[in-house]
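In what follows, a single structure is set out as structure tokens and then discussed.
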Amino acid sequence: DVVADLTVVDRELDLYGHGLSAKPRLVVLNKADLLDPDTEQAVLRAVTAWGEGRGWEMGRPLVVSAAASKGLDALLDAVWRQLDRVQSS
């Protein structure tokens, strides 16, 4: 369950402290080649709703598959955009 996994990670970041949970983050769903399109869309909707419920401005989660070379350019672009935002703030 992806949402349960994200909840665990989010809680761990919060428990660690030092403002880590308040830092910008990207949500990336890997191994997309293992999902059928309907399941992928359902997971995206669930993860997006989960993030919005926490007040995140994360936009749509990224879906990648290293094995199938899917979404890697979008991931790289998102990382660069995030770095630009952090450096300019």
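Residues in the structure tokens are numbered from 1 in each chain, the chains being A, B, ... in the order shown, and ligands are numbered from 1 in the order shown.
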
Exercise for review: From the DSSP assignment of the backbone, select every residue of chain A that is helix (DSSP H, G or I), and format the answer as a count of residues only.
Suggested key: 55

Find the residues around segment 19-24 of chain A up to 8 Å (only C-alpha atoms counted), leave out those fewer than 3 positions away in its own chain, and share them as a PyMOL selection string. chain A and resi 10+13-14+16+82

Restrict the selected residues to all heavy atoms and save them as a tab-separated table (two decimals), in the first residue's frame.
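Just written: result-v7.tsv:
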```tsv
chain	number	residue	atom	x	y	z
A	10	ASP	N	6.72	9.77	6.07
A	10	ASP	CA	6.39	11.11	6.55
A	10	ASP	C	6.54	11.19	8.07
A	10	ASP	O	7.10	12.15	8.61
A	10	ASP	CB	4.97	11.46	6.13
A	10	ASP	CG	4.67	12.93	6.25
A	10	ASP	OD1	5.50	13.75	5.80
A	10	ASP	OD2	3.61	13.27	6.81
A	13	LEU	N	10.26	11.18	9.04
A	13	LEU	CA	10.86	12.50	8.82
A	13	LEU	C	10.48	13.46	9.93
A	13	LEU	O	11.30	14.25	10.41
A	13	LEU	CB	10.44	13.07	7.47
A	13	LEU	CG	10.98	12.36	6.23
A	13	LEU	CD1	10.34	12.92	4.97
A	13	LEU	CD2	12.49	12.48	6.16
A	14	ASP	N	9.22	13.40	10.34
A	14	ASP	CA	8.74	14.27	11.41
A	14	ASP	C	9.42	13.92	12.74
A	14	ASP	O	9.85	14.81	13.48
A	14	ASP	CB	7.23	14.14	11.54
A	14	ASP	CG	6.60	15.33	12.22
A	14	ASP	OD1	7.11	16.45	12.05
A	14	ASP	OD2	5.61	15.13	12.94
A	16	TYR	N	12.32	12.53	13.17
A	16	TYR	CA	13.74	12.87	13.12
A	16	TYR	C	13.97	14.32	13.52
A	16	TYR	O	14.95	14.66	14.16
A	16	TYR	CB	14.29	12.61	11.72
A	16	TYR	CG	15.76	12.89	11.61
A	16	TYR	CD1	16.70	12.01	12.14
A	16	TYR	CD2	16.22	14.06	11.01
A	16	TYR	CE1	18.05	12.28	12.06
A	16	TYR	CE2	17.58	14.33	10.93
A	16	TYR	CZ	18.48	13.45	11.45
A	16	TYR	OH	19.82	13.71	11.38
A	82	GLN	N	13.33	21.86	-8.70
A	82	GLN	CA	13.31	21.91	-7.23
A	82	GLN	C	14.60	22.53	-6.71
A	82	GLN	O	14.58	23.35	-5.80
A	82	GLN	CB	13.10	20.52	-6.65
A	82	GLN	CG	12.77	20.50	-5.20
A	82	GLN	CD	11.35	20.95	-4.90
A	82	GLN	OE1	10.69	21.62	-5.70
A	82	GLN	NE2	10.88	20.62	-3.75
```

From A:Leu75, A:Leu34, A:Ala46, A:Leu29, residue lying nearest Val63 of chain A [only C-alpha atoms]: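 Residue with the minimum atom-to-atom distance to Val63 of chain A: A:Leu29.
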
Report task. Could you please determine the separation between atom CA of Asp84 of chain A and atom CA of Ala49 of chain A in Å, to one decimal place? Result ->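 Separating atom CA of Asp84 of chain A from atom CA of Ala49 of chain A is a distance of 26.0 Å.
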
For Val28 of chain A, find every residue with an atom within 12 Å (counting only C-alpha atoms), except residues of its own chain fewer than 4 positions away, and show them as an mmCIF file with N, CA and C atoms, in the first residue's frame.
```cif
data_model
loop_
_atom_site.group_PDB
_atom_site.id
_atom_site.type_symbol
_atom_site.label_atom_id
_atom_site.label_comp_id
_atom_site.auth_asym_id
_atom_site.auth_seq_id
_atom_site.Cartn_x
_atom_site.Cartn_y
_atom_site.Cartn_z
ATOM 1 N N VAL A 2 0.876 1.964 -1.091
ATOM 2 C CA VAL A 2 1.766 3.115 -1.269
ATOM 3 C C VAL A 2 1.464 4.212 -0.253
ATOM 4 N N LEU A 6 4.018 5.862 2.422
ATOM 5 C CA LEU A 6 4.281 7.301 2.504
ATOM 6 C C LEU A 6 4.010 7.834 3.908
ATOM 7 N N ALA A 32 7.098 1.550 -12.385
ATOM 8 C CA ALA A 32 5.815 1.741 -13.062
ATOM 9 C C ALA A 32 5.561 0.675 -14.115
ATOM 10 N N VAL A 43 -3.363 4.604 -8.043
ATOM 11 C CA VAL A 43 -2.295 4.928 -7.096
ATOM 12 C C VAL A 43 -1.993 6.422 -7.152
ATOM 13 N N LEU A 44 -1.933 6.985 -8.344
ATOM 14 C CA LEU A 44 -1.679 8.426 -8.477
ATOM 15 C C LEU A 44 -2.756 9.245 -7.773
ATOM 16 N N VAL A 47 -2.292 8.854 -3.911
ATOM 17 C CA VAL A 47 -1.112 9.568 -3.410
ATOM 18 C C VAL A 47 -1.329 11.077 -3.473
ATOM 19 N N THR A 48 -1.916 11.559 -4.541
ATOM 20 C CA THR A 48 -2.194 12.994 -4.665
ATOM 21 C C THR A 48 -3.152 13.452 -3.575
ATOM 22 N N MET A 58 2.702 19.499 -3.732
ATOM 23 C CA MET A 58 3.634 18.637 -4.436
ATOM 24 C C MET A 58 3.297 18.457 -5.891
ATOM 25 N N GLY A 59 2.115 18.871 -6.278
ATOM 26 C CA GLY A 59 1.721 18.609 -7.651
ATOM 27 C C GLY A 59 1.504 17.123 -7.856
ATOM 28 N N ARG A 60 1.500 16.723 -9.076
ATOM 29 C CA ARG A 60 1.264 15.320 -9.396
ATOM 30 C C ARG A 60 2.530 14.515 -9.114
ATOM 31 N N PRO A 61 2.390 13.375 -8.434
ATOM 32 C CA PRO A 61 3.563 12.522 -8.218
ATOM 33 C C PRO A 61 4.150 12.076 -9.562
ATOM 34 N N LEU A 62 5.439 11.891 -9.574
ATOM 35 C CA LEU A 62 6.111 11.427 -10.783
ATOM 36 C C LEU A 62 6.067 9.908 -10.830
ATOM 37 N N VAL A 63 5.898 9.389 -12.012
ATOM 38 C CA VAL A 63 5.864 7.942 -12.208
ATOM 39 C C VAL A 63 7.042 7.581 -13.100
ATOM 40 N N VAL A 64 7.904 6.697 -12.597
ATOM 41 C CA VAL A 64 9.088 6.317 -13.353
ATOM 42 C C VAL A 64 9.256 4.805 -13.376
ATOM 43 N N SER A 65 10.015 4.389 -14.349
ATOM 44 C CA SER A 65 10.475 3.005 -14.420
ATOM 45 C C SER A 65 11.886 3.040 -14.984
ATOM 46 N N ALA A 66 12.844 2.758 -14.137
ATOM 47 C CA ALA A 66 14.223 2.724 -14.616
ATOM 48 C C ALA A 66 14.395 1.605 -15.636
ATOM 49 N N GLY A 71 9.689 8.029 -17.786
ATOM 50 C CA GLY A 71 9.584 9.128 -16.853
ATOM 51 C C GLY A 71 10.888 9.669 -16.311
ATOM 52 N N LEU A 72 12.010 9.185 -16.808
ATOM 53 C CA LEU A 72 13.298 9.617 -16.249
ATOM 54 C C LEU A 72 13.628 11.061 -16.603
ATOM 55 N N ALA A 74 11.423 13.436 -17.087
ATOM 56 C CA ALA A 74 10.543 14.256 -16.245
ATOM 57 C C ALA A 74 11.082 14.326 -14.817
ATOM 58 N N LEU A 75 11.621 13.219 -14.322
ATOM 59 C CA LEU A 75 12.209 13.208 -12.981
ATOM 60 C C LEU A 75 13.406 14.139 -12.918
ATOM 61 N N LEU A 76 14.280 14.053 -13.884
ATOM 62 C CA LEU A 76 15.451 14.921 -13.904
ATOM 63 C C LEU A 76 15.045 16.392 -13.978
ATOM 64 N N ALA A 78 12.255 17.702 -12.916
ATOM 65 C CA ALA A 78 11.659 18.066 -11.626
ATOM 66 C C ALA A 78 12.733 18.306 -10.567
ATOM 67 N N VAL A 79 13.771 17.491 -10.578
ATOM 68 C CA VAL A 79 14.867 17.673 -9.621
ATOM 69 C C VAL A 79 15.557 19.012 -9.866
#
```

Using only C-alpha atoms, the best pick from A:Arg54, A:Arg45, A:Lys31, A:Arg25 as closest to Thr7 of chain A would be A:Arg54

query: What does the distance from atom CA of Thr39 of chain A to atom CA of Arg81 of chain A come to in Å, to one decimal?
result: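 Straight-line distance from atom CA of Thr39 of chain A to atom CA of Arg81 of chain A works out to 28.0 Å.
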
Atomic distance atom CA of Ala42 of chain A - atom CA of Trp80 of chain A, expressed in Å with one decimal
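Calculated distance between atom CA of Ala42 of chain A and atom CA of Trp80 of chain A is 27.3 Å.
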